[in-house]
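First comes the structure, then the notes that go with it.
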Amino acid sequence: MGVAGPPGPVMDRDEVDRALARLGAEHKAVEDSLLALQDHAGRRLLEGAELTGTTRERWAAAERTITLLWNCFDAYTAALREVREIRSRRKWPGREELAELTDRLRGEVVHVPGGAGEEALLAERFTLEGLVRRMNGLYAASLDVVVTADAVWSALPARIDLLAAELGRTRSLAHSVGVRPGEHPAGDELESITAELTALRASVITDPLAFWRPAEGSSAPGGGRPDTLRYDRAALALEDVRREIEAVLAVRQDAEERLLRLRDVLSRADRTLAEARVARGEVLAKIAASEVPAVSGPPTALQERLQAAADHRRHARWHRLSPLLDALEREAEEELLRARDSLTAVTAPLAVRAELRGRLDAYRAKATRLGGGDDPFLTERYDTARRMLWSAPCDLRAAEQAVLRYQRAVADVVSGPSDTGGRQW
């Protein structure tokens, strides 16, 4: 196995012994690593699993690499043993023995037999230190596959199983309130999540390396983390469904109270509309030349839907009651506001008449206080306005003008005669 001459200067005895000690330590470290890889739980799982996709391809390549790694180790062991045998011949080796030891320690004298697909390596020779570097590279590549697969298998299936258990509890709860596939969107969503978790678990078991996200810039074996994107989406979807189911449960707990409040709101709206209809008749009888808006009838459509809500509660159809109650509460409040607006619009002419009456009396009191209570001109203006405001039907436009004329007459009394030389009719 010698070459034309030792590479570089011939090593002395101490250099040889130090090199052998270092290579022996490397041998022990490589052997320990290989045995640990052989016993690694991830490797045993990979060997016994039915793999697919990326994992099957990478594990097939890793198995070839591990086989080659053992071949390299066997060649390294044999070469190191031969060097140790040569060194053990004499305590003080001569020049020729030192030259041979130098050649074996530093030269490319180690031949590694390869298997199928390793033809390129068959033609290579390594130094002992070069072979150690080669084994380290092969070991890192093999360990990366084993460690990442084991990391995914250790993390994701257990989390998926926990989520599946939560899914089962949520499905039972959903069934208890009538949320079932084909009858409620949340029931359909639960079926979709169930199918996704089943498919996800099967994929993780057979192709764990497809669910690995390597760390950027890291070359260490197993650098990165499991890819939980699909799991996270399913967990968020389940949380949304769970909140919806809880909302339905809340409906079941306070449905009666909410139905009572709805009946009260609709009853108030009905009474307000009835009051508006009565007021409209009064306005039409008492106010002339005023357009009074029509008043709508009672909210019968809402009453019918309220009855439907009561039927849902009676038959425990909580999933149907929940959205119906939400809509009814909103629409009932809107109906009450419309009824109040209608009453305000209908009674507006009466409010205007009342405001004019109050203003007329206020100016009458002012005129009396200022000594004009017996003024015949003011009295005539006051009587005219008062007849208009207290007659039926009342012409609001004419009455308002009469009040304004009286108001100006009182102002004239307060400020004295005007420059025009007399009162204006």
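Residue numbers start at 1 in each chain; chains themselves are named A, B, ... in the order of the structure tokens; ligands are numbered from 1 in the order shown.
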Listing only residues of segment 132-229 of chain A within 12 Å of segment 102-112 of chain A, what is the closest atom pair and its distance in Å (to one decimal) for each, using only C-alpha atoms, sorted by chain and residue number ascending, as a Markdown table?
```
| residue | atom | partner | partner_atom | distance |
| --- | --- | --- | --- | --- |
| A:Val132 | CA | A:Val110 | CA | 11.1 |
| A:Arg134 | CA | A:Val112 | CA | 10.9 |
| A:Met135 | CA | A:Val112 | CA | 11.2 |
```
Close residues, Tyr139 of chain A itself excluded, 10 Å, only C-alpha atoms, min 3 positions apart in chain, as a short mmCIF file (atom, residue, chain, number, x, y, z; two decimals) with all heavy atoms, in the first residue's frame:
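Final output, part.cif:
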```cif
data_model
loop_
_atom_site.label_atom_id
_atom_site.label_comp_id
_atom_site.auth_asym_id
_atom_site.auth_seq_id
_atom_site.Cartn_x
_atom_site.Cartn_y
_atom_site.Cartn_z
N VAL A 30 -16.53 8.28 16.02
CA VAL A 30 -17.32 7.84 14.86
C VAL A 30 -18.09 6.57 15.19
O VAL A 30 -19.27 6.43 14.85
CB VAL A 30 -16.41 7.63 13.64
CG1 VAL A 30 -17.19 6.97 12.50
CG2 VAL A 30 -15.81 8.94 13.17
N SER A 33 -21.06 7.40 17.34
CA SER A 33 -22.10 8.07 16.56
C SER A 33 -22.86 7.08 15.69
O SER A 33 -24.09 7.15 15.57
CB SER A 33 -21.48 9.16 15.69
OG SER A 33 -20.88 10.17 16.48
N LEU A 34 -22.13 6.15 15.07
CA LEU A 34 -22.78 5.16 14.22
C LEU A 34 -23.70 4.25 15.03
O LEU A 34 -24.81 3.91 14.58
CB LEU A 34 -21.72 4.34 13.49
CG LEU A 34 -21.03 5.02 12.32
CD1 LEU A 34 -19.91 4.14 11.79
CD2 LEU A 34 -22.02 5.33 11.21
N LEU A 37 -26.76 6.20 15.89
CA LEU A 37 -27.62 6.31 14.72
C LEU A 37 -28.37 5.00 14.48
O LEU A 37 -29.54 4.99 14.11
CB LEU A 37 -26.79 6.69 13.49
CG LEU A 37 -27.53 6.81 12.16
CD1 LEU A 37 -28.59 7.91 12.24
CD2 LEU A 37 -26.56 7.10 11.02
N ALA A 62 -30.78 7.86 2.10
CA ALA A 62 -30.10 7.81 3.40
C ALA A 62 -29.64 6.40 3.73
O ALA A 62 -28.56 6.20 4.30
CB ALA A 62 -31.02 8.34 4.49
N THR A 65 -26.56 5.82 1.96
CA THR A 65 -25.49 6.60 2.60
C THR A 65 -25.01 5.92 3.87
O THR A 65 -23.79 5.87 4.15
CB THR A 65 -26.00 8.01 2.93
OG1 THR A 65 -26.39 8.66 1.72
CG2 THR A 65 -24.94 8.84 3.61
N ILE A 66 -25.94 5.36 4.66
CA ILE A 66 -25.56 4.68 5.89
C ILE A 66 -24.73 3.43 5.58
O ILE A 66 -23.75 3.13 6.27
CB ILE A 66 -26.81 4.34 6.71
CG1 ILE A 66 -27.46 5.63 7.23
CG2 ILE A 66 -26.48 3.42 7.88
CD1 ILE A 66 -28.81 5.43 7.89
N LEU A 68 -22.81 3.02 2.96
CA LEU A 68 -21.51 3.53 2.57
C LEU A 68 -20.72 4.00 3.79
O LEU A 68 -19.50 3.80 3.88
CB LEU A 68 -21.68 4.68 1.57
CG LEU A 68 -20.40 5.39 1.12
CD1 LEU A 68 -19.44 4.41 0.46
CD2 LEU A 68 -20.75 6.54 0.18
N LEU A 69 -21.43 4.61 4.74
CA LEU A 69 -20.78 5.10 5.96
C LEU A 69 -20.15 3.94 6.73
O LEU A 69 -19.01 4.05 7.23
CB LEU A 69 -21.82 5.83 6.81
CG LEU A 69 -21.36 6.49 8.11
CD1 LEU A 69 -20.20 7.45 7.86
CD2 LEU A 69 -22.51 7.21 8.78
N TRP A 70 -20.85 2.84 6.82
CA TRP A 70 -20.28 1.68 7.51
C TRP A 70 -19.09 1.11 6.73
O TRP A 70 -18.09 0.66 7.35
CB TRP A 70 -21.35 0.60 7.71
CG TRP A 70 -22.21 0.83 8.90
CD1 TRP A 70 -23.48 1.26 8.93
CD2 TRP A 70 -21.82 0.64 10.27
NE1 TRP A 70 -23.95 1.36 10.21
CE2 TRP A 70 -22.93 0.99 11.07
CE3 TRP A 70 -20.65 0.23 10.90
CZ2 TRP A 70 -22.90 0.93 12.46
CZ3 TRP A 70 -20.62 0.18 12.29
CH2 TRP A 70 -21.74 0.53 13.06
N ARG A 133 -13.25 13.09 7.65
CA ARG A 133 -14.09 14.19 7.15
C ARG A 133 -15.22 13.66 6.27
O ARG A 133 -16.36 14.13 6.33
CB ARG A 133 -13.24 15.20 6.39
CG ARG A 133 -12.30 16.02 7.27
CD ARG A 133 -11.72 17.18 6.50
NE ARG A 133 -10.86 16.74 5.41
CZ ARG A 133 -9.56 16.49 5.54
NH1 ARG A 133 -8.95 16.63 6.70
NH2 ARG A 133 -8.85 16.11 4.49
N ARG A 134 -14.86 12.66 5.45
CA ARG A 134 -15.86 12.06 4.58
C ARG A 134 -16.97 11.40 5.41
O ARG A 134 -18.17 11.57 5.14
CB ARG A 134 -15.20 11.04 3.67
CG ARG A 134 -16.14 10.20 2.81
CD ARG A 134 -16.88 11.04 1.82
NE ARG A 134 -17.60 10.21 0.85
CZ ARG A 134 -18.55 10.64 0.06
NH1 ARG A 134 -18.93 11.91 0.14
NH2 ARG A 134 -19.14 9.83 -0.79
N MET A 135 -16.58 10.67 6.45
CA MET A 135 -17.58 10.01 7.29
C MET A 135 -18.44 11.05 8.04
O MET A 135 -19.65 10.84 8.21
CB MET A 135 -16.89 9.08 8.28
CG MET A 135 -16.33 7.81 7.65
SD MET A 135 -15.75 6.59 8.86
CE MET A 135 -14.33 7.43 9.54
N ASN A 136 -17.82 12.12 8.47
CA ASN A 136 -18.60 13.16 9.15
C ASN A 136 -19.68 13.74 8.23
O ASN A 136 -20.81 13.99 8.66
CB ASN A 136 -17.67 14.27 9.64
CG ASN A 136 -16.86 13.86 10.85
OD1 ASN A 136 -17.24 12.93 11.58
ND2 ASN A 136 -15.74 14.52 11.08
N SER A 142 -27.12 11.64 6.84
CA SER A 142 -28.01 10.57 7.28
C SER A 142 -28.78 10.99 8.53
O SER A 142 -29.99 10.75 8.64
CB SER A 142 -27.19 9.31 7.58
OG SER A 142 -26.44 8.92 6.45
N LEU A 143 -28.05 11.62 9.47
CA LEU A 143 -28.70 12.01 10.71
C LEU A 143 -29.79 13.05 10.47
O LEU A 143 -30.82 13.05 11.16
CB LEU A 143 -27.65 12.57 11.68
CG LEU A 143 -28.16 12.96 13.07
CD1 LEU A 143 -28.67 11.72 13.80
CD2 LEU A 143 -27.06 13.65 13.88
N ASP A 144 -29.60 13.93 9.50
CA ASP A 144 -30.60 14.96 9.22
C ASP A 144 -31.94 14.32 8.85
O ASP A 144 -32.99 14.76 9.32
CB ASP A 144 -30.11 15.85 8.08
CG ASP A 144 -31.09 16.97 7.79
OD1 ASP A 144 -31.24 17.87 8.65
OD2 ASP A 144 -31.71 16.95 6.71
N PRO A 221 -27.63 19.09 11.45
CA PRO A 221 -28.69 18.09 11.23
C PRO A 221 -29.91 18.40 12.08
O PRO A 221 -29.81 18.69 13.27
CB PRO A 221 -28.02 16.78 11.68
CG PRO A 221 -26.55 17.02 11.55
CD PRO A 221 -26.36 18.47 11.87
#
```
Item to check | Residue nearest Asp395 of chain A - candidates A:Val147, A:Glu291, A:Thr344, A:Val413, atoms counted: only C-alpha atoms | outcome: A:Glu291
At most 9 Å is the cut-off: for each residue in segment 289-311 of chain A with any atom that close to an atom of segment 263-284 of chain A, write down the nearest atom pair and the distance in Å rounded to one decimal, counting only C-alpha atoms, chain first then increasing number, as a tab-separated table.
```
residue	atom	partner	partner_atom	distance
A:Ser290	CA	A:Leu284	CA	8.1
A:Glu291	CA	A:Leu284	CA	8.7
A:Val292	CA	A:Arg280	CA	6.9
A:Pro293	CA	A:Arg280	CA	8.1
A:Ala294	CA	A:Arg280	CA	7.9
A:Val295	CA	A:Arg277	CA	6.0
A:Ser296	CA	A:Leu273	CA	7.3
A:Gly297	CA	A:Leu273	CA	7.2
A:Pro298	CA	A:Asp270	CA	5.5
A:Pro299	CA	A:Asp270	CA	7.1
A:Leu302	CA	A:Leu266	CA	8.0
A:Gln303	CA	A:Leu266	CA	7.7
A:Leu306	CA	A:Arg263	CA	7.8
```
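Of the residues listed (A:Ala348, A:Ala99, A:Leu229, A:Ala186), A:Ala186 shows the shortest atom-to-atom separation from Arg243 of chain A; distances use only C-alpha atoms.
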Item to check | strand (DSSP E) per DSSP on the backbone: members of segment 26-174 of chain A, as a ChimeraX atom specification | outcome: /A:110-111,125-126
Got time to write the residues from that selection, N, CA and C atoms, as a PDB file, in the first residue's frame?
```
ATOM      1  N   VAL A 110      -6.033   4.686   1.966  1.00  0.00           N
ATOM      2  CA  VAL A 110      -7.225   3.956   2.406  1.00  0.00           C
ATOM      3  C   VAL A 110      -8.191   3.856   1.232  1.00  0.00           C
ATOM      4  N   HIS A 111      -8.513   2.622   0.854  1.00  0.00           N
ATOM      5  CA  HIS A 111      -9.458   2.368  -0.221  1.00  0.00           C
ATOM      6  C   HIS A 111     -10.775   1.918   0.384  1.00  0.00           C
ATOM      7  N   ARG A 125      -9.161   7.239  -3.245  1.00  0.00           N
ATOM      8  CA  ARG A 125      -8.410   6.861  -2.051  1.00  0.00           C
ATOM      9  C   ARG A 125      -8.427   8.037  -1.093  1.00  0.00           C
ATOM     10  N   PHE A 126      -8.307   7.726   0.188  1.00  0.00           N
ATOM     11  CA  PHE A 126      -8.379   8.765   1.214  1.00  0.00           C
ATOM     12  C   PHE A 126      -7.209   8.648   2.161  1.00  0.00           C
TER      13      PHE A 126
END
```
Item to check | All helix (DSSP H, G or I) residues (DSSP, backbone) inside segment 52-219 of chain A, as a ChimeraX atom specification | outcome: /A:53-87,95-106,119-122,128-176,185-206,208-211
Next on the checklist: If we count only C-alpha atoms and set the cut-off at 10 Å, which residues sit around Leu101 of chain A, ignoring sequence neighbours fewer than 2 positions away in its own chain? Please answer as an MDAnalysis selection string.
Outcome noted: chainID A and resid 2 6 10:13 16 20 82:84 86:87 93 95:99 103:107
Test item: residues at most 12 Å from Ala195 of chain A, only C-alpha atoms, excluding those fewer than 6 positions along its chain, as a PDB file with all heavy atoms, in the first residue's frame:
```pdb
ATOM      1  N   ALA A 164     -58.174  16.146  17.321  1.00  0.00           N
ATOM      2  CA  ALA A 164     -59.258  15.242  16.923  1.00  0.00           C
ATOM      3  C   ALA A 164     -60.171  14.938  18.115  1.00  0.00           C
ATOM      4  O   ALA A 164     -61.398  14.823  17.962  1.00  0.00           O
ATOM      5  CB  ALA A 164     -58.683  13.952  16.346  1.00  0.00           C
ATOM      6  N   LEU A 167     -62.261  17.851  18.549  1.00  0.00           N
ATOM      7  CA  LEU A 167     -63.250  17.822  17.476  1.00  0.00           C
ATOM      8  C   LEU A 167     -64.407  16.896  17.837  1.00  0.00           C
ATOM      9  O   LEU A 167     -65.579  17.222  17.600  1.00  0.00           O
ATOM     10  CB  LEU A 167     -62.579  17.367  16.179  1.00  0.00           C
ATOM     11  CG  LEU A 167     -63.476  17.156  14.961  1.00  0.00           C
ATOM     12  CD1 LEU A 167     -64.111  18.475  14.541  1.00  0.00           C
ATOM     13  CD2 LEU A 167     -62.680  16.572  13.799  1.00  0.00           C
ATOM     14  N   ASP A 188     -71.517  21.143   8.517  1.00  0.00           N
ATOM     15  CA  ASP A 188     -70.723  20.835   7.326  1.00  0.00           C
ATOM     16  C   ASP A 188     -69.250  21.132   7.564  1.00  0.00           C
ATOM     17  O   ASP A 188     -68.369  20.383   7.122  1.00  0.00           O
ATOM     18  CB  ASP A 188     -71.231  21.656   6.137  1.00  0.00           C
ATOM     19  CG  ASP A 188     -72.661  21.309   5.761  1.00  0.00           C
ATOM     20  OD1 ASP A 188     -73.070  20.166   6.045  1.00  0.00           O
ATOM     21  OD2 ASP A 188     -73.360  22.174   5.208  1.00  0.00           O
ATOM     22  N   GLU A 189     -68.966  22.222   8.291  1.00  0.00           N
ATOM     23  CA  GLU A 189     -67.580  22.588   8.578  1.00  0.00           C
ATOM     24  C   GLU A 189     -66.915  21.539   9.471  1.00  0.00           C
ATOM     25  O   GLU A 189     -65.737  21.207   9.291  1.00  0.00           O
ATOM     26  CB  GLU A 189     -67.532  23.961   9.246  1.00  0.00           C
ATOM     27  CG  GLU A 189     -66.130  24.481   9.514  1.00  0.00           C
ATOM     28  CD  GLU A 189     -65.339  24.763   8.252  1.00  0.00           C
ATOM     29  OE1 GLU A 189     -65.954  24.863   7.166  1.00  0.00           O
ATOM     30  OE2 GLU A 189     -64.105  24.878   8.353  1.00  0.00           O
ATOM     31  N   ARG A 201     -53.170  13.466   9.208  1.00  0.00           N
ATOM     32  CA  ARG A 201     -52.455  12.477  10.025  1.00  0.00           C
ATOM     33  C   ARG A 201     -51.849  11.378   9.169  1.00  0.00           C
ATOM     34  O   ARG A 201     -50.707  10.957   9.393  1.00  0.00           O
ATOM     35  CB  ARG A 201     -53.413  11.860  11.062  1.00  0.00           C
ATOM     36  CG  ARG A 201     -52.679  11.127  12.169  1.00  0.00           C
ATOM     37  CD  ARG A 201     -53.630  10.489  13.166  1.00  0.00           C
ATOM     38  NE  ARG A 201     -52.939  10.091  14.363  1.00  0.00           N
ATOM     39  CZ  ARG A 201     -52.131   9.038  14.470  1.00  0.00           C
ATOM     40  NH1 ARG A 201     -51.931   8.256  13.406  1.00  0.00           N
ATOM     41  NH2 ARG A 201     -51.531   8.758  15.618  1.00  0.00           N
ATOM     42  N   ALA A 202     -52.609  10.937   8.170  1.00  0.00           N
ATOM     43  CA  ALA A 202     -52.078   9.898   7.278  1.00  0.00           C
ATOM     44  C   ALA A 202     -50.851  10.408   6.526  1.00  0.00           C
ATOM     45  O   ALA A 202     -49.858   9.691   6.363  1.00  0.00           O
ATOM     46  CB  ALA A 202     -53.165   9.459   6.302  1.00  0.00           C
ATOM     47  N   ALA A 234     -56.665  24.025  10.520  1.00  0.00           N
ATOM     48  CA  ALA A 234     -57.752  23.182  11.048  1.00  0.00           C
ATOM     49  C   ALA A 234     -58.111  23.584  12.471  1.00  0.00           C
ATOM     50  O   ALA A 234     -59.298  23.614  12.845  1.00  0.00           O
ATOM     51  CB  ALA A 234     -57.326  21.709  11.009  1.00  0.00           C
TER      52      ALA A 234
END
```
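Residue neighbourhood of Ala149 of chain A, excluding near-sequence residues (fewer than 4 positions): Gly42, Arg43, Leu45, Leu46, Thr55, Trp59, Leu143, Asp144, Val145, Trp153, Ser154, Val204, Ile205, Asp207, Pro208, Leu209, Ala210, Phe211, Trp212, Gly222 and Pro226 of chain A, at 10 Å, using only C-alpha atoms.
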Checklist entry - If you count only C-alpha atoms, which residues fall within 12 Å of Ala237 of chain A, apart from same-chain ones fewer than 6 positions away, as a PyMOL selection string? => result chain A and resi 163+167+170+186+188-194+196-197+230-231+243-244
Could the residues in this selection be written to a file with C-alpha atoms, as a PDB file, in the first residue's frame?
```pdb
ATOM      1  CA  LEU A 163     -57.267  18.248  18.145  1.00  0.00           C
ATOM      2  CA  LEU A 167     -63.250  17.822  17.476  1.00  0.00           C
ATOM      3  CA  THR A 170     -67.375  19.678  19.703  1.00  0.00           C
ATOM      4  CA  ALA A 186     -71.228  24.569  11.181  1.00  0.00           C
ATOM      5  CA  ASP A 188     -70.723  20.835   7.326  1.00  0.00           C
ATOM      6  CA  GLU A 189     -67.580  22.588   8.578  1.00  0.00           C
ATOM      7  CA  LEU A 190     -67.106  19.944  11.265  1.00  0.00           C
ATOM      8  CA  GLU A 191     -67.239  17.231   8.614  1.00  0.00           C
ATOM      9  CA  SER A 192     -64.682  19.112   6.540  1.00  0.00           C
ATOM     10  CA  ILE A 193     -62.337  19.489   9.530  1.00  0.00           C
ATOM     11  CA  THR A 194     -62.715  15.781  10.320  1.00  0.00           C
ATOM     12  CA  GLU A 196     -58.784  17.241   6.842  1.00  0.00           C
ATOM     13  CA  LEU A 197     -57.414  15.910  10.141  1.00  0.00           C
ATOM     14  CA  ARG A 230     -52.368  22.755   7.783  1.00  0.00           C
ATOM     15  CA  TYR A 231     -52.760  21.835  11.444  1.00  0.00           C
ATOM     16  CA  ARG A 243     -67.559  29.612  19.209  1.00  0.00           C
ATOM     17  CA  GLU A 244     -70.592  29.281  16.955  1.00  0.00           C
TER      18      GLU A 244
END
```
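Each of A:Pro376, A:Pro185, A:Gly358, A:Pro323 was checked against Glu400 of chain A using only C-alpha atoms; the smallest atom-to-atom distance is that of A:Gly358.
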